[in-house]
>>> print(open('start_32.txt').read())   # compact mmCIF, C-alpha atoms
# COMPACT_ATOMS: atom_id res chain seq x y z
CA MET A 460 209.94 44.99 -35.97
CA ILE A 461 211.55 42.51 -33.58
CA LEU A 462 212.92 43.41 -30.15
CA ILE A 463 215.39 40.95 -28.64
CA GLY A 464 216.03 40.73 -24.90
CA GLN A 465 214.29 40.06 -21.63
CA TYR A 466 212.29 42.75 -19.87
CA ASP A 467 214.26 42.29 -16.66
CA SER A 468 216.93 44.29 -18.50
CA PRO A 469 216.27 47.99 -17.84
CA PHE A 470 217.65 48.75 -21.30
CA VAL A 471 215.31 46.37 -23.12
CA ARG A 472 212.36 47.53 -21.05
CA ARG A 473 213.19 51.17 -21.77
CA VAL A 474 213.03 50.55 -25.52
CA ALA A 475 209.87 48.44 -25.30
CA ILE A 476 208.05 51.13 -23.28
CA ALA A 477 209.01 53.79 -25.82
CA MET A 478 207.78 51.58 -28.66
CA ARG A 479 204.48 51.08 -26.86
CA ILE A 480 204.06 54.83 -26.31
CA TYR A 481 204.84 55.43 -29.99
CA GLY A 482 202.36 52.76 -31.05
CA ILE A 483 205.01 50.76 -32.90
CA ALA A 484 204.05 47.10 -33.10
CA PHE A 485 206.86 44.65 -32.46
CA GLU A 486 207.54 40.97 -31.90
CA HIS A 487 209.30 40.32 -28.62
CA ARG A 488 211.94 37.62 -28.44
CA PRO A 489 212.95 37.28 -24.76
CA TRP A 490 216.35 35.78 -25.40
CA SER A 491 218.89 35.66 -22.60
CA THR A 492 222.39 37.07 -23.05
CA PHE A 493 223.68 33.94 -21.34
CA GLY A 494 221.37 31.09 -22.35
CA ASP A 495 220.77 32.40 -25.88
CA ALA A 496 224.10 34.15 -26.51
CA ASP A 497 224.86 32.22 -29.71
CA THR A 498 221.40 32.97 -31.11
CA ILE A 499 221.81 36.67 -30.33
CA ALA A 500 225.31 36.64 -31.89
CA ALA A 501 223.76 35.96 -35.30
CA PHE A 502 222.37 39.53 -35.11
CA ASN A 503 224.71 41.24 -32.67
CA PRO A 504 228.31 40.05 -32.26
CA LEU A 505 228.45 41.75 -28.87
CA ARG A 506 225.75 39.29 -27.69
CA ARG A 507 224.05 42.17 -25.90
CA VAL A 508 220.49 43.36 -25.58
CA PRO A 509 218.50 45.18 -26.63
CA THR A 510 218.97 44.30 -30.25
CA ALA A 511 216.25 45.35 -32.69
CA LEU A 512 215.57 44.05 -36.18
CA ARG A 513 213.71 46.27 -38.60
CA ASP A 514 211.34 44.70 -41.14
CA ASP A 515 213.78 45.47 -43.97
CA GLY A 516 216.54 43.52 -42.21
CA ALA A 517 218.41 46.47 -40.68
CA VAL A 518 219.82 45.71 -37.23
CA PHE A 519 220.05 48.21 -34.39
CA ILE A 520 222.14 47.60 -31.28
CA GLU A 521 222.28 49.53 -27.99
CA SER A 522 219.23 51.22 -26.52
CA ALA A 523 220.35 54.77 -27.40
CA ALA A 524 220.79 53.89 -31.08
CA ILE A 525 217.42 52.13 -31.21
CA LEU A 526 215.70 55.06 -29.51
CA ASP A 527 217.36 57.52 -31.87
CA TRP A 528 215.72 55.78 -34.83
CA LEU A 529 212.38 55.47 -33.02
CA ASP A 530 212.44 59.18 -32.15
CA GLU A 531 213.14 60.01 -35.78
CA GLN A 532 210.05 58.04 -36.80
CA ALA A 533 207.96 59.77 -34.14
CA GLY A 534 208.86 63.25 -35.39
CA ASP A 535 207.16 65.97 -33.34
CA LYS A 536 205.77 63.32 -30.95
CA ALA A 537 209.26 62.21 -29.91
CA LEU A 538 209.82 61.70 -26.18
CA ILE A 539 212.70 64.19 -26.22
CA PRO A 540 213.21 67.61 -27.82
CA ARG A 541 215.00 67.53 -31.17
CA ALA A 542 217.67 70.10 -30.28
CA GLY A 543 218.81 72.79 -27.88
CA GLU A 544 219.33 73.02 -24.14
CA ALA A 545 216.07 71.21 -23.40
CA ARG A 546 217.37 68.18 -25.28
CA ARG A 547 220.75 68.31 -23.55
CA ALA A 548 219.11 68.58 -20.12
CA GLN A 549 217.03 65.48 -20.77
CA LEU A 550 220.00 63.59 -22.20
CA HIS A 551 221.95 64.41 -19.04
CA VAL A 552 219.28 62.78 -16.86
CA CYS A 553 219.12 59.85 -19.30
CA ALA A 554 222.89 59.41 -19.00
CA LEU A 555 222.69 59.36 -15.21
CA GLY A 556 219.84 56.85 -15.35
CA GLN A 557 221.72 54.68 -17.82
CA GLY A 558 224.85 54.79 -15.68
CA LEU A 559 222.77 53.86 -12.63
CA ALA A 560 221.41 50.84 -14.50
CA GLU A 561 224.86 49.84 -15.76
CA LYS A 562 226.37 49.95 -12.28
CA SER A 563 223.43 48.00 -10.87
CA VAL A 564 223.96 45.32 -13.52
CA ALA A 565 227.73 45.27 -12.84
CA LEU A 566 227.09 44.83 -9.12
CA LEU A 567 224.69 41.96 -9.81
CA TYR A 568 227.16 40.23 -12.13
CA GLU A 569 229.87 40.57 -9.50
CA ARG A 570 227.65 38.75 -7.04
CA VAL A 571 226.29 35.97 -9.25
CA LEU A 572 229.26 35.26 -11.51
CA HIS A 573 232.13 35.24 -9.03
CA GLU A 574 232.54 32.80 -6.18
CA LYS A 575 234.59 35.40 -4.32
CA THR A 576 233.53 38.98 -4.91
CA SER A 577 235.91 41.93 -5.01
CA ASP A 578 235.38 44.27 -2.06
CA VAL A 579 237.07 47.07 -3.99
CA TRP A 580 234.76 46.68 -6.99
CA THR A 581 231.62 46.20 -4.90
CA THR A 582 232.40 49.26 -2.78
CA ARG A 583 233.07 51.31 -5.91
CA CYS A 584 229.82 50.25 -7.60
CA ARG A 585 227.76 50.94 -4.48
CA ALA A 586 229.32 54.40 -4.14
CA GLN A 587 228.61 55.18 -7.80
CA ILE A 588 225.01 54.02 -7.39
CA LEU A 589 224.37 56.04 -4.22
CA ASP A 590 226.06 59.17 -5.58
CA THR A 591 224.03 58.92 -8.78
CA LEU A 592 220.80 58.48 -6.80
CA THR A 593 221.71 61.64 -4.87
CA ALA A 594 222.39 63.57 -8.09
CA LEU A 595 219.10 62.40 -9.61
CA GLU A 596 217.19 63.35 -6.46
CA LEU A 597 218.69 66.85 -6.51
CA SER A 598 217.80 67.21 -10.18
CA ARG A 599 214.25 66.01 -9.60
CA GLU A 600 213.78 68.54 -6.77
CA GLY A 601 214.10 71.27 -9.40
CA SER A 602 210.86 70.21 -11.12
CA ALA A 603 207.34 70.55 -9.73
CA ASP A 604 205.80 68.84 -12.77
CA ASN A 605 204.41 65.32 -12.84
CA PHE A 606 207.39 64.26 -14.91
CA TRP A 607 210.97 65.47 -15.11
CA PHE A 608 210.53 67.99 -17.90
CA GLY A 609 206.82 68.72 -17.91
CA ALA A 610 203.39 67.16 -17.83
CA ALA A 611 204.25 64.33 -20.26
CA MET A 612 206.55 61.36 -19.78
CA GLY A 613 209.85 61.55 -21.62
CA HIS A 614 212.94 59.43 -22.10
CA ALA A 615 214.49 60.73 -18.87
CA ASP A 616 211.52 59.51 -16.82
CA ILE A 617 211.49 56.13 -18.56
CA MET A 618 215.23 55.55 -18.15
CA VAL A 619 215.33 56.49 -14.48
CA ALA A 620 212.20 54.49 -13.62
CA CYS A 621 213.52 51.40 -15.43
CA ALA A 622 216.87 51.74 -13.67
CA LEU A 623 215.19 52.08 -10.27
CA ARG A 624 212.99 49.04 -10.85
CA PHE A 625 216.07 46.95 -11.67
CA LEU A 626 218.02 48.33 -8.71
CA LYS A 627 215.20 47.58 -6.26
CA GLU A 628 214.72 44.04 -7.58
CA ALA A 629 218.41 43.13 -7.91
CA HIS A 630 219.72 44.82 -4.76
CA ALA A 631 217.03 44.87 -2.09
CA GLY A 632 217.78 47.49 0.53
CA LEU A 633 220.20 49.58 -1.52
CA PHE A 634 217.46 52.00 -2.58
CA GLU A 635 215.67 53.64 0.34
CA ALA A 636 212.62 55.58 -0.82
CA ARG A 637 212.69 57.89 2.21
CA ARG A 638 216.16 59.09 1.22
CA PHE A 639 215.11 59.73 -2.36
CA PRO A 640 211.42 60.70 -2.22
CA GLY A 641 211.39 62.67 -5.47
CA ILE A 642 212.65 59.91 -7.72
CA ALA A 643 210.72 57.29 -5.73
CA ALA A 644 207.48 59.17 -6.46
CA LEU A 645 208.44 59.59 -10.11
CA SER A 646 209.15 55.87 -10.40
CA ASP A 647 205.78 55.01 -8.84
CA ARG A 648 204.00 57.37 -11.26
CA CYS A 649 205.73 55.77 -14.24
CA GLU A 650 205.12 52.21 -13.04
CA ALA A 651 201.42 53.00 -12.63
CA SER A 652 201.12 54.12 -16.26
CA GLU A 653 199.74 51.83 -18.96
CA PRO A 654 202.98 51.46 -20.96
CA PHE A 655 204.94 50.46 -17.86
CA ARG A 656 202.26 48.02 -16.69
CA ALA A 657 202.17 46.44 -20.15
CA ILE A 658 205.93 45.94 -20.34
>>> encode(input="start_32.txt", output="structure tokens")
Amino acid sequence: MILIGQYDSPFVRRVAIAMRIYGIAFEHRPWSTFGDADTIAAFNPLRRVPTALRDDGAVFIESAAILDWLDEQAGDKALIPRAGEARRAQLHVCALGQGLAEKSVALLYERVLHEKTSDVWTTRCRAQILDTLTALELSREGSADNFWFGAAMGHADIMVACALRFLKEAHAGLFEARRFPGIAALSDRCEASEPFRAI
């Protein structure tokens, strides 16, 4: 299997970490959505990452679609329950984490791609980021386990930790660990794990 995209993308990193946990070998092609856009377009017309190529030639785009197939291969060892309220609860945290990452990326693009940034857009993105951090912190306070939904790492933990890493690196000072101690501790626990250190 081939995974396209750089690991500074929280979405690419999320998929790569799951693949490592599942023991799925893959070739990594760290193509940039800007510098390598035309190369990526041959596989994904959206020119977005992650894009994954299966050995039989099938192409998967978007992290959620890639993870859906990976989870199917993992069966009972999947990083998320197959059905029910437990699955929906984890998907809710995943959605918040994904939205946090998306808004962090949007805020970065606003800064690096525009000579004059929009105060309205920047203010909106920052508010969405801080409100989502607050919601995640409140959700995390409801769990005394090492990870969000138990003793083992799941997709919710991976998504939130990848989003936080990107946020801290792209927007220094926006994330204050003392304001969000629960998710800060979770992020540190994930980053200390072997799959996170490897990717």
>>> residues_near_point(input="start_32.txt", point="(206.8, 43.1, -34.1)", cutoff="8 Å", atoms="all atoms listed in the file", output="list in words")
Met460, Ile461, Leu462, Ile483, Ala484, Phe485, Glu486 and His487 of chain A
>>> atom_distance(input="start_32.txt", atom1="CA of Lys562 in chain A", atom2="CA of Thr591 in chain A")
9.9 Å
>>> closest_residue(input="start_32.txt", among="A:Gly556, A:Gly609, A:Tyr481, A:Ser646", to="Glu531 in chain A", atoms="all atoms listed in the file")
A:Tyr481
>>> closest_atom_pairs(input="start_32.txt", of="range 550-624 of chain A", to="range 534-537 of chain A", cutoff="12 Å", atoms="all atoms listed in the file", output="JSON lines")
{"residue": "A:Ala611", "atom": "CA", "partner": "A:Lys536", "partner_atom": "CA", "distance": 10.8}
{"residue": "A:Met612", "atom": "CA", "partner": "A:Ala537", "partner_atom": "CA", "distance": 10.5}
{"residue": "A:Gly613", "atom": "CA", "partner": "A:Ala537", "partner_atom": "CA", "distance": 8.3}
{"residue": "A:His614", "atom": "CA", "partner": "A:Ala537", "partner_atom": "CA", "distance": 9.1}
>>> closest_residue(input="start_32.txt", among="A:Leu597, A:Leu566, A:Val619, A:Ile642", to="Arg583 in chain A", atoms="only C-alpha atoms")
A:Leu566
>>> residues_near_point(input="start_32.txt", point="(215.2, 65.5, -16.4)", cutoff="8 Å", atoms="all atoms listed in the file", output="short mmCIF file (atom, residue, chain, number, x, y, z; two decimals) with C-alpha atoms, in the frame of the given file")
data_model
loop_
_atom_site.label_atom_id
_atom_site.label_comp_id
_atom_site.auth_asym_id
_atom_site.auth_seq_id
_atom_site.Cartn_x
_atom_site.Cartn_y
_atom_site.Cartn_z
CA ALA A 548 219.11 68.58 -20.12
CA GLN A 549 217.03 65.48 -20.77
CA LEU A 550 220.00 63.59 -22.20
CA HIS A 551 221.95 64.41 -19.04
CA VAL A 552 219.28 62.78 -16.86
CA CYS A 553 219.12 59.85 -19.30
CA SER A 598 217.80 67.21 -10.18
CA ARG A 599 214.25 66.01 -9.60
CA TRP A 607 210.97 65.47 -15.11
CA PHE A 608 210.53 67.99 -17.90
CA ALA A 615 214.49 60.73 -18.87
CA ASP A 616 211.52 59.51 -16.82
#
>>> atom_distance(input="start_32.txt", atom1="CA of Asp590 in chain A", atom2="CA of Ala603 in chain A")
22.3 Å
>>> atom_distance(input="start_32.txt", atom1="CA of Ile499 in chain A", atom2="CA of Ala511 in chain A")
10.6 Å
>>> closest_residue(input="start_32.txt", among="A:Leu589, A:Ala501, A:Ala477, A:Ile520", to="Ile539 in chain A", atoms="all atoms listed in the file")
A:Ala477
>>> axis_aligned_box(input="start_32.txt", around="range 531-540 of chain A", padding_each_side="4 Å", output="AutoDock Vina command-line options")
--center_x 209.5 --center_y 62.8 --center_z -31.5 --size_x 15.4 --size_y 17.6 --size_z 18.6
>>> residues_around(input="start_32.txt", residues="Glu628 in chain A", least_positions_apart="6", cutoff="12 Å", atoms="all atoms listed in the file", output="PyMOL selection string")
chain A and resi 467-469+560+563-564+567+621-622+634
>>> residues_around(input="start_32.txt", residues="Gly494 in chain A", least_positions_apart="5", cutoff="12 Å", atoms="only C-alpha atoms", output="PyMOL selection string")
chain A and resi 464-465+489+499-500+506-507
>>> write_last_selection(input="start_32.txt", atoms="C-alpha atoms", output="PDB file, keeping the file's coordinate frame")
ATOM      1  CA  GLY A 464     216.030  40.730 -24.900  1.00  0.00           C
ATOM      2  CA  GLN A 465     214.290  40.060 -21.630  1.00  0.00           C
ATOM      3  CA  PRO A 489     212.950  37.280 -24.760  1.00  0.00           C
ATOM      4  CA  ILE A 499     221.810  36.670 -30.330  1.00  0.00           C
ATOM      5  CA  ALA A 500     225.310  36.640 -31.890  1.00  0.00           C
ATOM      6  CA  ARG A 506     225.750  39.290 -27.690  1.00  0.00           C
ATOM      7  CA  ARG A 507     224.050  42.170 -25.900  1.00  0.00           C
TER       8      ARG A 507
END
>>> closest_residue(input="start_32.txt", among="A:Val518, A:Val571, A:Ala523, A:Met478", to="Ala629 in chain A", atoms="all atoms listed in the file")
A:Val571
>>> closest_residue(input="start_32.txt", among="A:Ile658, A:Phe519, A:Phe606, A:His630", to="Ala644 in chain A", atoms="only C-alpha atoms")
A:Phe606
>>> decode(input="start_32.txt", residues="range 602-618 of chain A", atoms="all heavy atoms", output="PDB file, in the first residue's frame")
ATOM      1  N   SER A 602     -13.765  11.124  31.456  1.00  0.00           N
ATOM      2  CA  SER A 602     -13.097   9.823  31.409  1.00  0.00           C
ATOM      3  C   SER A 602     -11.878   9.819  32.326  1.00  0.00           C
ATOM      4  O   SER A 602     -11.038  10.710  32.257  1.00  0.00           O
ATOM      5  CB  SER A 602     -12.654   9.504  29.979  1.00  0.00           C
ATOM      6  OG  SER A 602     -11.879   8.321  29.952  1.00  0.00           O
ATOM      7  N   ALA A 603     -11.803   8.790  33.168  1.00  0.00           N
ATOM      8  CA  ALA A 603     -10.652   8.647  34.061  1.00  0.00           C
ATOM      9  C   ALA A 603      -9.643   7.656  33.495  1.00  0.00           C
ATOM     10  O   ALA A 603      -8.617   7.379  34.116  1.00  0.00           O
ATOM     11  CB  ALA A 603     -11.123   8.185  35.443  1.00  0.00           C
ATOM     12  N   ASP A 604      -9.929   7.114  32.308  1.00  0.00           N
ATOM     13  CA  ASP A 604      -9.045   6.119  31.699  1.00  0.00           C
ATOM     14  C   ASP A 604      -7.822   6.786  31.071  1.00  0.00           C
ATOM     15  O   ASP A 604      -7.797   7.999  30.854  1.00  0.00           O
ATOM     16  CB  ASP A 604      -9.801   5.333  30.628  1.00  0.00           C
ATOM     17  CG  ASP A 604     -10.902   4.471  31.230  1.00  0.00           C
ATOM     18  OD1 ASP A 604     -10.636   3.768  32.215  1.00  0.00           O
ATOM     19  OD2 ASP A 604     -12.032   4.519  30.700  1.00  0.00           O
ATOM     20  N   ASN A 605      -6.838   5.971  30.740  1.00  0.00           N
ATOM     21  CA  ASN A 605      -5.640   6.495  30.084  1.00  0.00           C
ATOM     22  C   ASN A 605      -5.975   7.147  28.750  1.00  0.00           C
ATOM     23  O   ASN A 605      -5.360   8.137  28.366  1.00  0.00           O
ATOM     24  CB  ASN A 605      -4.621   5.380  29.858  1.00  0.00           C
ATOM     25  CG  ASN A 605      -3.827   5.075  31.107  1.00  0.00           C
ATOM     26  OD1 ASN A 605      -3.794   5.860  32.043  1.00  0.00           O
ATOM     27  ND2 ASN A 605      -3.196   3.915  31.128  1.00  0.00           N
ATOM     28  N   PHE A 606      -6.950   6.557  28.056  1.00  0.00           N
ATOM     29  CA  PHE A 606      -7.355   7.100  26.773  1.00  0.00           C
ATOM     30  C   PHE A 606      -8.839   7.448  26.839  1.00  0.00           C
ATOM     31  O   PHE A 606      -9.501   7.200  27.834  1.00  0.00           O
ATOM     32  CB  PHE A 606      -7.022   6.117  25.649  1.00  0.00           C
ATOM     33  CG  PHE A 606      -5.533   5.914  25.498  1.00  0.00           C
ATOM     34  CD1 PHE A 606      -4.914   4.788  26.021  1.00  0.00           C
ATOM     35  CD2 PHE A 606      -4.756   6.870  24.870  1.00  0.00           C
ATOM     36  CE1 PHE A 606      -3.541   4.621  25.911  1.00  0.00           C
ATOM     37  CE2 PHE A 606      -3.378   6.717  24.756  1.00  0.00           C
ATOM     38  CZ  PHE A 606      -2.774   5.587  25.278  1.00  0.00           C
ATOM     39  N   TRP A 607      -9.356   8.056  25.776  1.00  0.00           N
ATOM     40  CA  TRP A 607     -10.686   8.641  25.822  1.00  0.00           C
ATOM     41  C   TRP A 607     -11.770   7.632  26.186  1.00  0.00           C
ATOM     42  O   TRP A 607     -12.649   7.900  26.983  1.00  0.00           O
ATOM     43  CB  TRP A 607     -11.033   9.285  24.480  1.00  0.00           C
ATOM     44  CG  TRP A 607     -11.716  10.605  24.636  1.00  0.00           C
ATOM     45  CD1 TRP A 607     -12.967  10.833  25.133  1.00  0.00           C
ATOM     46  CD2 TRP A 607     -11.180  11.888  24.306  1.00  0.00           C
ATOM     47  NE1 TRP A 607     -13.235  12.187  25.127  1.00  0.00           N
ATOM     48  CE2 TRP A 607     -12.158  12.855  24.616  1.00  0.00           C
ATOM     49  CE3 TRP A 607      -9.962  12.310  23.755  1.00  0.00           C
ATOM     50  CZ2 TRP A 607     -11.967  14.208  24.400  1.00  0.00           C
ATOM     51  CZ3 TRP A 607      -9.777  13.653  23.544  1.00  0.00           C
ATOM     52  CH2 TRP A 607     -10.768  14.596  23.862  1.00  0.00           C
ATOM     53  N   PHE A 608     -11.674   6.442  25.583  1.00  0.00           N
ATOM     54  CA  PHE A 608     -12.739   5.462  25.765  1.00  0.00           C
ATOM     55  C   PHE A 608     -12.222   4.148  26.340  1.00  0.00           C
ATOM     56  O   PHE A 608     -12.721   3.085  26.006  1.00  0.00           O
ATOM     57  CB  PHE A 608     -13.471   5.243  24.435  1.00  0.00           C
ATOM     58  CG  PHE A 608     -14.178   6.484  23.958  1.00  0.00           C
ATOM     59  CD1 PHE A 608     -13.605   7.304  22.998  1.00  0.00           C
ATOM     60  CD2 PHE A 608     -15.403   6.857  24.498  1.00  0.00           C
ATOM     61  CE1 PHE A 608     -14.253   8.462  22.560  1.00  0.00           C
ATOM     62  CE2 PHE A 608     -16.058   8.015  24.077  1.00  0.00           C
ATOM     63  CZ  PHE A 608     -15.478   8.814  23.108  1.00  0.00           C
ATOM     64  N   GLY A 609     -11.225   4.230  27.199  1.00  0.00           N
ATOM     65  CA  GLY A 609     -10.737   3.020  27.834  1.00  0.00           C
ATOM     66  C   GLY A 609      -9.229   2.987  27.973  1.00  0.00           C
ATOM     67  O   GLY A 609      -8.549   4.004  27.880  1.00  0.00           O
ATOM     68  N   ALA A 610      -8.721   1.785  28.168  1.00  0.00           N
ATOM     69  CA  ALA A 610      -7.291   1.605  28.416  1.00  0.00           C
ATOM     70  C   ALA A 610      -6.469   1.621  27.136  1.00  0.00           C
ATOM     71  O   ALA A 610      -5.250   1.796  27.187  1.00  0.00           O
ATOM     72  CB  ALA A 610      -7.067   0.288  29.162  1.00  0.00           C
ATOM     73  N   ALA A 611      -7.123   1.402  25.987  1.00  0.00           N
ATOM     74  CA  ALA A 611      -6.402   1.328  24.713  1.00  0.00           C
ATOM     75  C   ALA A 611      -6.659   2.561  23.864  1.00  0.00           C
ATOM     76  O   ALA A 611      -7.738   3.154  23.897  1.00  0.00           O
ATOM     77  CB  ALA A 611      -6.826   0.072  23.957  1.00  0.00           C
ATOM     78  N   MET A 612      -5.664   2.939  23.094  1.00  0.00           N
ATOM     79  CA  MET A 612      -5.774   4.075  22.179  1.00  0.00           C
ATOM     80  C   MET A 612      -6.770   3.772  21.071  1.00  0.00           C
ATOM     81  O   MET A 612      -6.802   2.662  20.544  1.00  0.00           O
ATOM     82  CB  MET A 612      -4.392   4.361  21.572  1.00  0.00           C
ATOM     83  CG  MET A 612      -4.319   5.599  20.721  1.00  0.00           C
ATOM     84  SD  MET A 612      -2.674   5.779  19.936  1.00  0.00           S
ATOM     85  CE  MET A 612      -1.614   5.881  21.367  1.00  0.00           C
ATOM     86  N   GLY A 613      -7.582   4.753  20.738  1.00  0.00           N
ATOM     87  CA  GLY A 613      -8.545   4.604  19.645  1.00  0.00           C
ATOM     88  C   GLY A 613      -8.440   5.768  18.679  1.00  0.00           C
ATOM     89  O   GLY A 613      -7.598   6.665  18.837  1.00  0.00           O
ATOM     90  N   HIS A 614      -9.307   5.755  17.678  1.00  0.00           N
ATOM     91  CA  HIS A 614      -9.261   6.813  16.666  1.00  0.00           C
ATOM     92  C   HIS A 614      -9.471   8.210  17.262  1.00  0.00           C
ATOM     93  O   HIS A 614      -8.885   9.181  16.788  1.00  0.00           O
ATOM     94  CB  HIS A 614     -10.318   6.562  15.586  1.00  0.00           C
ATOM     95  CG  HIS A 614      -9.932   5.522  14.599  1.00  0.00           C
ATOM     96  ND1 HIS A 614      -8.693   5.482  13.981  1.00  0.00           N
ATOM     97  CD2 HIS A 614     -10.628   4.455  14.098  1.00  0.00           C
ATOM     98  CE1 HIS A 614      -8.638   4.462  13.146  1.00  0.00           C
ATOM     99  NE2 HIS A 614      -9.792   3.815  13.208  1.00  0.00           N
ATOM    100  N   ALA A 615     -10.302   8.313  18.296  1.00  0.00           N
ATOM    101  CA  ALA A 615     -10.539   9.627  18.905  1.00  0.00           C
ATOM    102  C   ALA A 615      -9.240  10.191  19.479  1.00  0.00           C
ATOM    103  O   ALA A 615      -8.920  11.374  19.274  1.00  0.00           O
ATOM    104  CB  ALA A 615     -11.607   9.521  19.993  1.00  0.00           C
ATOM    105  N   ASP A 616      -8.502   9.367  20.194  1.00  0.00           N
ATOM    106  CA  ASP A 616      -7.231   9.803  20.781  1.00  0.00           C
ATOM    107  C   ASP A 616      -6.250  10.237  19.697  1.00  0.00           C
ATOM    108  O   ASP A 616      -5.592  11.282  19.806  1.00  0.00           O
ATOM    109  CB  ASP A 616      -6.611   8.657  21.597  1.00  0.00           C
ATOM    110  CG  ASP A 616      -7.577   8.082  22.598  1.00  0.00           C
ATOM    111  OD1 ASP A 616      -7.893   8.776  23.579  1.00  0.00           O
ATOM    112  OD2 ASP A 616      -8.033   6.946  22.397  1.00  0.00           O
ATOM    113  N   ILE A 617      -6.161   9.417  18.645  1.00  0.00           N
ATOM    114  CA  ILE A 617      -5.209   9.697  17.565  1.00  0.00           C
ATOM    115  C   ILE A 617      -5.558  11.006  16.866  1.00  0.00           C
ATOM    116  O   ILE A 617      -4.684  11.857  16.641  1.00  0.00           O
ATOM    117  CB  ILE A 617      -5.179   8.525  16.564  1.00  0.00           C
ATOM    118  CG1 ILE A 617      -4.665   7.258  17.245  1.00  0.00           C
ATOM    119  CG2 ILE A 617      -4.316   8.871  15.347  1.00  0.00           C
ATOM    120  CD1 ILE A 617      -4.885   5.985  16.431  1.00  0.00           C
ATOM    121  N   MET A 618      -6.845  11.196  16.546  1.00  0.00           N
ATOM    122  CA  MET A 618      -7.251  12.402  15.829  1.00  0.00           C
ATOM    123  C   MET A 618      -6.989  13.650  16.653  1.00  0.00           C
ATOM    124  O   MET A 618      -6.429  14.635  16.153  1.00  0.00           O
ATOM    125  CB  MET A 618      -8.737  12.318  15.453  1.00  0.00           C
ATOM    126  CG  MET A 618      -9.255  13.520  14.653  1.00  0.00           C
ATOM    127  SD  MET A 618      -8.605  13.663  12.980  1.00  0.00           S
ATOM    128  CE  MET A 618      -7.357  14.952  13.152  1.00  0.00           C
TER     129      MET A 618
END
